[in-house]
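Undergrad: The structure that follows is given in the form of C-alpha cells.
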Amino acid sequence: MIHLHNVSKFYPPDQTALKGVDLKVAEGDFLFIAGASGAGKSTLLKLLFGAQRCTGGEVLVGGRNMASIGRDGIASLRREIGVVFQDYKLLPRRTVLDNVGYGLEVLGVGIKERRRLALLLLHAMGLEDRADAYPVTLSGGEQQRVAIARALIRKPRLILADEPTGNLDHEMSRRVFDLLLEANASGVTVVVATHNLGMIEELNKRSIVLDRGKIIGDFSQAHSFRGPQ
Ligand SMILES: Nc1ncnc2c1ncn2[C@@H]1O[C@H](COP(=O)(O)OP(=O)(O)O)[C@@H](O)[C@H]1O
Ligand SMILES: [Mg+2]
C-alpha cells in the first residue's frame, strides 16, 4: 500500500525534515508513527497525501508514484484516502451533520443516506446531540471528533491521521482509536502519527520512531517499544 525508498524532504532554506527513510506498509496494516515534535511525522503524512513532494527518493502510495502523479492522479488517490489532519478544515457554514456527510455528497450519495450514516458515526463519537450545531460553537476536542467522523464515513482504503487525539482525554482518545481499529479490522490501512506513547502501548500495534527525520526504530508490536526494562 505504501512504499518509501530512501526518502528525503528538505524545506528551504535549511530544514531537513526527513532523510533516508525506508518504509513499507502492507494493505490492511496499522502503523503508528512516533517521535518528538519536529521529528518529521507530519511531513511523512503529507508526502503520502501528496500535500508535499519528496526532495529525494521514491514514494509509492496504492501503486502510484507520487513524484510523477498528476492532478487527476492526486484527485483519484485522495478519494481513496481519509485524512484527519491537525487543522480540521471543517466547513464553517455547514452543520456538524452536513460536515460529516460532505465526503459522501461528493461521491453522489443522496441526502437521506448521508444523514443516516453521519448520525451513526456522530453517535459513535458521542456527538449526536451536536448534529445541528455549527463548527464554531464546538470545543477543539469536539471539532476533532467531527473531523474523524468525516474521514471514516467514506470507508476509505487508507486513513492518515495526524495527532488525532491531541485535544482529547484518555476515554475519548480510546473511543477514537477503537473506531480506527474497527476500520482497520474491516481491511482499511491506518497510519497514525502521535506522541501518545501510552496509547501506542495500549493498542500494541506496529510503530516506527522518527528522530530528526530518521527512522530510529521499527517495532512490530509496542511490547518491545521501550526496549528491555
Ligand atoms: N512548511 C515548512 N517549511 C519549513 N520547515 C518546515 C515546514 N514544515 C515542517 N518544517 C520543519 O520540518 C521539521 C519536521 O516538521 P514536522 O514534519 O511538522 O514534524 P512533526 O510533525 O514530527 O512535529 C521541523 O524542523 C519543522 O520545523
Ligand atoms: Mg506534526
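Please note that chains go A, B, ... in the order of the C-alpha cells, that every chain numbers its residues from 1, and that ligands are numbered from 1 in the order shown.
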Within 7 Å of ligand 2, counting only C-alpha atoms and all ligand atoms: which residues, as a short mmCIF file (atom, residue, chain, number, x, y, z; two decimals) with C-alpha atoms, in the first residue's frame?
TA:
data_model
loop_
_atom_site.label_atom_id
_atom_site.label_comp_id
_atom_site.auth_asym_id
_atom_site.auth_seq_id
_atom_site.Cartn_x
_atom_site.Cartn_y
_atom_site.Cartn_z
CA SER A 37 7.82 17.38 17.99
CA GLY A 38 9.75 18.36 14.86
CA GLY A 40 9.11 14.74 10.73
CA LYS A 41 5.83 12.90 11.45
CA SER A 42 3.53 15.42 9.76
CA ASP A 162 -2.03 13.35 12.37
#
Undergrad: Got a sec to tell me which of chain A DSSP assigns to strand (DSSP E or B), as a PDB file with N, CA and C atoms, in the first residue's frame?
TA:
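Output (states.pdb):
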ATOM      1  N   ILE A   2       1.886   1.228   0.882  1.00  0.00           N
ATOM      2  CA  ILE A   2       2.807   2.363   0.981  1.00  0.00           C
ATOM      3  C   ILE A   2       4.237   1.846   0.891  1.00  0.00           C
ATOM      4  N   HIS A   3       5.023   2.507   0.065  1.00  0.00           N
ATOM      5  CA  HIS A   3       6.407   2.088  -0.099  1.00  0.00           C
ATOM      6  C   HIS A   3       7.282   3.341  -0.213  1.00  0.00           C
ATOM      7  N   LEU A   4       8.155   3.550   0.754  1.00  0.00           N
ATOM      8  CA  LEU A   4       9.085   4.673   0.703  1.00  0.00           C
ATOM      9  C   LEU A   4      10.488   4.113   0.552  1.00  0.00           C
ATOM     10  N   HIS A   5      11.231   4.666  -0.387  1.00  0.00           N
ATOM     11  CA  HIS A   5      12.591   4.200  -0.590  1.00  0.00           C
ATOM     12  C   HIS A   5      13.558   5.385  -0.535  1.00  0.00           C
ATOM     13  N   ASN A   6      14.399   5.383   0.493  1.00  0.00           N
ATOM     14  CA  ASN A   6      15.444   6.400   0.654  1.00  0.00           C
ATOM     15  C   ASN A   6      14.905   7.824   0.501  1.00  0.00           C
ATOM     16  N   VAL A   7      13.815   8.091   1.205  1.00  0.00           N
ATOM     17  CA  VAL A   7      13.108   9.363   1.017  1.00  0.00           C
ATOM     18  C   VAL A   7      13.716  10.481   1.860  1.00  0.00           C
ATOM     19  N   SER A   8      13.917  11.616   1.219  1.00  0.00           N
ATOM     20  CA  SER A   8      14.319  12.801   1.970  1.00  0.00           C
ATOM     21  C   SER A   8      13.380  13.959   1.635  1.00  0.00           C
ATOM     22  N   LYS A   9      13.277  14.871   2.594  1.00  0.00           N
ATOM     23  CA  LYS A   9      12.472  16.076   2.366  1.00  0.00           C
ATOM     24  C   LYS A   9      13.210  17.261   2.972  1.00  0.00           C
ATOM     25  N   PHE A  10      13.444  18.217   2.131  1.00  0.00           N
ATOM     26  CA  PHE A  10      14.181  19.410   2.528  1.00  0.00           C
ATOM     27  C   PHE A  10      13.265  20.615   2.345  1.00  0.00           C
ATOM     28  N   TYR A  11      13.107  21.404   3.386  1.00  0.00           N
ATOM     29  CA  TYR A  11      12.350  22.649   3.260  1.00  0.00           C
ATOM     30  C   TYR A  11      13.349  23.792   3.175  1.00  0.00           C
ATOM     31  N   GLN A  15      15.910  23.464   6.345  1.00  0.00           N
ATOM     32  CA  GLN A  15      15.332  22.439   7.213  1.00  0.00           C
ATOM     33  C   GLN A  15      15.314  21.082   6.519  1.00  0.00           C
ATOM     34  N   THR A  16      15.994  20.113   7.097  1.00  0.00           N
ATOM     35  CA  THR A  16      15.883  18.748   6.586  1.00  0.00           C
ATOM     36  C   THR A  16      14.876  18.017   7.461  1.00  0.00           C
ATOM     37  N   ALA A  17      13.679  17.766   6.913  1.00  0.00           N
ATOM     38  CA  ALA A  17      12.604  17.184   7.728  1.00  0.00           C
ATOM     39  C   ALA A  17      12.646  15.662   7.717  1.00  0.00           C
ATOM     40  N   LEU A  18      13.141  15.069   6.614  1.00  0.00           N
ATOM     41  CA  LEU A  18      13.261  13.608   6.532  1.00  0.00           C
ATOM     42  C   LEU A  18      14.539  13.267   5.790  1.00  0.00           C
ATOM     43  N   LYS A  19      15.202  12.197   6.214  1.00  0.00           N
ATOM     44  CA  LYS A  19      16.369  11.757   5.434  1.00  0.00           C
ATOM     45  C   LYS A  19      16.523  10.242   5.465  1.00  0.00           C
ATOM     46  N   GLY A  20      16.740   9.675   4.294  1.00  0.00           N
ATOM     47  CA  GLY A  20      16.998   8.232   4.173  1.00  0.00           C
ATOM     48  C   GLY A  20      15.899   7.353   4.741  1.00  0.00           C
ATOM     49  N   VAL A  21      14.647   7.756   4.557  1.00  0.00           N
ATOM     50  CA  VAL A  21      13.546   6.980   5.140  1.00  0.00           C
ATOM     51  C   VAL A  21      13.134   5.833   4.212  1.00  0.00           C
ATOM     52  N   ASP A  22      13.215   4.611   4.740  1.00  0.00           N
ATOM     53  CA  ASP A  22      12.724   3.419   4.037  1.00  0.00           C
ATOM     54  C   ASP A  22      11.564   2.852   4.846  1.00  0.00           C
ATOM     55  N   LEU A  23      10.455   2.607   4.187  1.00  0.00           N
ATOM     56  CA  LEU A  23       9.284   2.127   4.930  1.00  0.00           C
ATOM     57  C   LEU A  23       8.344   1.391   3.995  1.00  0.00           C
ATOM     58  N   LYS A  24       7.857   0.240   4.459  1.00  0.00           N
ATOM     59  CA  LYS A  24       6.813  -0.475   3.717  1.00  0.00           C
ATOM     60  C   LYS A  24       5.636  -0.696   4.643  1.00  0.00           C
ATOM     61  N   VAL A  25       4.452  -0.386   4.160  1.00  0.00           N
ATOM     62  CA  VAL A  25       3.232  -0.654   4.919  1.00  0.00           C
ATOM     63  C   VAL A  25       2.313  -1.445   3.995  1.00  0.00           C
ATOM     64  N   PHE A  30      -1.776  -1.601  10.336  1.00  0.00           N
ATOM     65  CA  PHE A  30      -1.999  -0.474  11.245  1.00  0.00           C
ATOM     66  C   PHE A  30      -0.613  -0.029  11.713  1.00  0.00           C
ATOM     67  N   LEU A  31      -0.293   1.236  11.512  1.00  0.00           N
ATOM     68  CA  LEU A  31       1.047   1.716  11.850  1.00  0.00           C
ATOM     69  C   LEU A  31       0.980   3.022  12.644  1.00  0.00           C
ATOM     70  N   PHE A  32       1.716   3.043  13.738  1.00  0.00           N
ATOM     71  CA  PHE A  32       1.913   4.294  14.469  1.00  0.00           C
ATOM     72  C   PHE A  32       3.229   4.928  14.046  1.00  0.00           C
ATOM     73  N   ILE A  33       3.230   6.251  13.905  1.00  0.00           N
ATOM     74  CA  ILE A  33       4.470   7.000  13.726  1.00  0.00           C
ATOM     75  C   ILE A  33       4.675   7.807  14.998  1.00  0.00           C
ATOM     76  N   ALA A  34       5.720   7.467  15.734  1.00  0.00           N
ATOM     77  CA  ALA A  34       6.011   8.162  16.980  1.00  0.00           C
ATOM     78  C   ALA A  34       7.234   9.049  16.792  1.00  0.00           C
ATOM     79  N   GLY A  56      14.069  13.827  -2.379  1.00  0.00           N
ATOM     80  CA  GLY A  56      14.841  12.725  -2.937  1.00  0.00           C
ATOM     81  C   GLY A  56      14.169  11.405  -2.612  1.00  0.00           C
ATOM     82  N   GLY A  57      14.527  10.359  -3.362  1.00  0.00           N
ATOM     83  CA  GLY A  57      13.952   9.047  -3.112  1.00  0.00           C
ATOM     84  C   GLY A  57      12.625   8.859  -3.812  1.00  0.00           C
ATOM     85  N   GLU A  58      11.882   7.866  -3.343  1.00  0.00           N
ATOM     86  CA  GLU A  58      10.666   7.474  -4.049  1.00  0.00           C
ATOM     87  C   GLU A  58       9.535   7.203  -3.059  1.00  0.00           C
ATOM     88  N   VAL A  59       8.356   7.732  -3.363  1.00  0.00           N
ATOM     89  CA  VAL A  59       7.170   7.495  -2.531  1.00  0.00           C
ATOM     90  C   VAL A  59       6.086   6.875  -3.400  1.00  0.00           C
ATOM     91  N   LEU A  60       5.681   5.640  -3.056  1.00  0.00           N
ATOM     92  CA  LEU A  60       4.591   4.979  -3.781  1.00  0.00           C
ATOM     93  C   LEU A  60       3.414   4.800  -2.833  1.00  0.00           C
ATOM     94  N   VAL A  61       2.240   5.206  -3.257  1.00  0.00           N
ATOM     95  CA  VAL A  61       1.028   5.031  -2.448  1.00  0.00           C
ATOM     96  C   VAL A  61      -0.034   4.383  -3.331  1.00  0.00           C
ATOM     97  N   ARG A  64       0.829   4.157  -6.879  1.00  0.00           N
ATOM     98  CA  ARG A  64       1.101   5.385  -7.632  1.00  0.00           C
ATOM     99  C   ARG A  64       2.401   6.013  -7.167  1.00  0.00           C
ATOM    100  N   ASN A  65       3.211   6.440  -8.115  1.00  0.00           N
ATOM    101  CA  ASN A  65       4.457   7.128  -7.795  1.00  0.00           C
ATOM    102  C   ASN A  65       4.161   8.612  -7.587  1.00  0.00           C
ATOM    103  N   ILE A  81      -8.442   8.050   0.201  1.00  0.00           N
ATOM    104  CA  ILE A  81      -7.787   8.302   1.485  1.00  0.00           C
ATOM    105  C   ILE A  81      -8.683   9.143   2.383  1.00  0.00           C
ATOM    106  N   GLY A  82      -8.808   8.734   3.629  1.00  0.00           N
ATOM    107  CA  GLY A  82      -9.479   9.570   4.622  1.00  0.00           C
ATOM    108  C   GLY A  82      -8.417  10.240   5.462  1.00  0.00           C
ATOM    109  N   VAL A  83      -8.430  11.566   5.545  1.00  0.00           N
ATOM    110  CA  VAL A  83      -7.394  12.238   6.319  1.00  0.00           C
ATOM    111  C   VAL A  83      -7.965  12.941   7.536  1.00  0.00           C
ATOM    112  N   VAL A  84      -7.214  12.865   8.621  1.00  0.00           N
ATOM    113  CA  VAL A  84      -7.526  13.641   9.818  1.00  0.00           C
ATOM    114  C   VAL A  84      -6.263  14.429  10.113  1.00  0.00           C
ATOM    115  N   LEU A 158      -7.393   3.869   2.846  1.00  0.00           N
ATOM    116  CA  LEU A 158      -6.271   4.275   3.691  1.00  0.00           C
ATOM    117  C   LEU A 158      -6.716   5.457   4.546  1.00  0.00           C
ATOM    118  N   ILE A 159      -6.409   5.397   5.828  1.00  0.00           N
ATOM    119  CA  ILE A 159      -6.677   6.536   6.707  1.00  0.00           C
ATOM    120  C   ILE A 159      -5.340   7.076   7.200  1.00  0.00           C
ATOM    121  N   LEU A 160      -5.128   8.377   7.020  1.00  0.00           N
ATOM    122  CA  LEU A 160      -3.937   9.053   7.541  1.00  0.00           C
ATOM    123  C   LEU A 160      -4.402  10.006   8.634  1.00  0.00           C
ATOM    124  N   ALA A 161      -3.883   9.828   9.824  1.00  0.00           N
ATOM    125  CA  ALA A 161      -4.323  10.678  10.932  1.00  0.00           C
ATOM    126  C   ALA A 161      -3.108  11.304  11.609  1.00  0.00           C
ATOM    127  N   ASP A 162      -3.136  12.617  11.760  1.00  0.00           N
ATOM    128  CA  ASP A 162      -2.028  13.352  12.374  1.00  0.00           C
ATOM    129  C   ASP A 162      -2.457  13.839  13.752  1.00  0.00           C
ATOM    130  N   THR A 189      -6.248   0.282   5.697  1.00  0.00           N
ATOM    131  CA  THR A 189      -4.889   0.544   6.160  1.00  0.00           C
ATOM    132  C   THR A 189      -4.917   1.845   6.972  1.00  0.00           C
ATOM    133  N   VAL A 190      -4.304   1.844   8.144  1.00  0.00           N
ATOM    134  CA  VAL A 190      -4.360   3.029   9.014  1.00  0.00           C
ATOM    135  C   VAL A 190      -2.945   3.448   9.415  1.00  0.00           C
ATOM    136  N   VAL A 191      -2.632   4.722   9.220  1.00  0.00           N
ATOM    137  CA  VAL A 191      -1.338   5.266   9.639  1.00  0.00           C
ATOM    138  C   VAL A 191      -1.610   6.468  10.543  1.00  0.00           C
ATOM    139  N   VAL A 192      -1.120   6.399  11.769  1.00  0.00           N
ATOM    140  CA  VAL A 192      -1.411   7.430  12.769  1.00  0.00           C
ATOM    141  C   VAL A 192      -0.129   8.008  13.348  1.00  0.00           C
ATOM    142  N   ALA A 193       0.052   9.314  13.203  1.00  0.00           N
ATOM    143  CA  ALA A 193       1.171   9.982  13.879  1.00  0.00           C
ATOM    144  C   ALA A 193       0.697  10.437  15.245  1.00  0.00           C
ATOM    145  N   ARG A 206       2.171  -2.146  15.403  1.00  0.00           N
ATOM    146  CA  ARG A 206       3.488  -1.775  14.875  1.00  0.00           C
ATOM    147  C   ARG A 206       3.704  -0.268  15.027  1.00  0.00           C
ATOM    148  N   SER A 207       4.912   0.100  15.384  1.00  0.00           N
ATOM    149  CA  SER A 207       5.208   1.525  15.476  1.00  0.00           C
ATOM    150  C   SER A 207       6.626   1.801  14.989  1.00  0.00           C
ATOM    151  N   ILE A 208       6.771   2.906  14.262  1.00  0.00           N
ATOM    152  CA  ILE A 208       8.109   3.364  13.910  1.00  0.00           C
ATOM    153  C   ILE A 208       8.373   4.627  14.717  1.00  0.00           C
ATOM    154  N   VAL A 209       9.638   4.854  15.023  1.00  0.00           N
ATOM    155  CA  VAL A 209      10.015   6.043  15.780  1.00  0.00           C
ATOM    156  C   VAL A 209      10.903   6.913  14.909  1.00  0.00           C
ATOM    157  N   LEU A 210      10.499   8.162  14.736  1.00  0.00           N
ATOM    158  CA  LEU A 210      11.296   9.123  13.986  1.00  0.00           C
ATOM    159  C   LEU A 210      12.077   9.996  14.952  1.00  0.00           C
ATOM    160  N   ASP A 211      13.301  10.288  14.583  1.00  0.00           N
ATOM    161  CA  ASP A 211      14.107  11.229  15.355  1.00  0.00           C
ATOM    162  C   ASP A 211      14.863  12.105  14.369  1.00  0.00           C
ATOM    163  N   LYS A 214      14.901  10.780  10.822  1.00  0.00           N
ATOM    164  CA  LYS A 214      15.336   9.408  10.523  1.00  0.00           C
ATOM    165  C   LYS A 214      14.521   8.411  11.319  1.00  0.00           C
ATOM    166  N   ILE A 215      14.308   7.238  10.716  1.00  0.00           N
ATOM    167  CA  ILE A 215      13.650   6.164  11.472  1.00  0.00           C
ATOM    168  C   ILE A 215      14.698   5.515  12.367  1.00  0.00           C
ATOM    169  N   ILE A 216      14.493   5.610  13.676  1.00  0.00           N
ATOM    170  CA  ILE A 216      15.483   5.026  14.596  1.00  0.00           C
ATOM    171  C   ILE A 216      14.947   3.753  15.240  1.00  0.00           C
ATOM    172  N   GLY A 217      13.716   3.395  14.947  1.00  0.00           N
ATOM    173  CA  GLY A 217      13.185   2.138  15.482  1.00  0.00           C
ATOM    174  C   GLY A 217      11.965   1.716  14.701  1.00  0.00           C
ATOM    175  N   ASP A 218      11.780   0.410  14.555  1.00  0.00           N
ATOM    176  CA  ASP A 218      10.602  -0.125  13.871  1.00  0.00           C
ATOM    177  C   ASP A 218      10.208  -1.366  14.662  1.00  0.00           C
ATOM    178  N   PHE A 219       9.138  -1.216  15.443  1.00  0.00           N
ATOM    179  CA  PHE A 219       8.751  -2.285  16.355  1.00  0.00           C
ATOM    180  C   PHE A 219       7.477  -2.940  15.857  1.00  0.00           C
TER     181      PHE A 219
END
Undergrad: Rounded to one decimal, what separation in Å do you get between atom 23 (O, counted along the ligand's line) of ligand 1 and atom CA of Leu45 of chain A?
TA: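 Calculated distance between atom 23 (O, counted along the ligand's line) of ligand 1 and atom CA of Leu45 of chain A is 11.0 Å.
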Undergrad: DSSP on the backbone: which residues in segment 40-114 of chain A end up as helix (DSSP H, G or I)? Give the answer as a PyMOL selection string.
TA: chain A and resi 41-49+71-79+96-106+111-114
Undergrad: Take the residues just selected and output them with C-alpha atoms as a short mmCIF file (atom, residue, chain, number, x, y, z; two decimals), in the first residue's frame.
TA:
data_model
loop_
_atom_site.label_atom_id
_atom_site.label_comp_id
_atom_site.auth_asym_id
_atom_site.auth_seq_id
_atom_site.Cartn_x
_atom_site.Cartn_y
_atom_site.Cartn_z
CA LYS A 41 5.83 12.90 11.45
CA SER A 42 3.53 15.42 9.76
CA THR A 43 5.89 15.75 6.80
CA LEU A 44 5.80 11.99 6.27
CA LEU A 45 1.99 12.00 6.24
CA LYS A 46 1.94 14.97 3.85
CA LEU A 47 4.11 13.08 1.38
CA LEU A 48 1.62 10.20 1.44
CA PHE A 49 -1.28 12.53 0.73
CA ARG A 71 -3.53 16.45 -10.75
CA ASP A 72 -6.02 13.78 -11.80
CA GLY A 73 -3.94 11.10 -10.13
CA ILE A 74 -3.85 13.06 -6.88
CA ALA A 75 -7.60 13.66 -7.03
CA SER A 76 -8.35 9.98 -7.54
CA LEU A 77 -5.88 8.96 -4.83
CA ARG A 78 -7.46 11.38 -2.38
CA ARG A 79 -10.84 9.82 -2.97
CA VAL A 96 -21.88 19.14 12.09
CA LEU A 97 -24.13 16.56 10.42
CA ASP A 98 -23.52 18.01 6.97
CA ASN A 99 -19.79 18.32 7.59
CA VAL A 100 -19.62 14.61 8.33
CA GLY A 101 -21.80 13.74 5.33
CA TYR A 102 -19.90 16.00 2.96
CA GLY A 103 -17.44 13.34 1.79
CA LEU A 104 -20.38 11.25 0.60
CA GLU A 105 -22.03 14.20 -1.13
CA VAL A 106 -19.00 14.44 -3.40
CA ILE A 111 -29.06 13.27 1.43
CA LYS A 112 -31.12 10.75 3.42
CA GLU A 113 -28.43 8.08 3.31
CA ARG A 114 -25.71 10.66 4.04
#
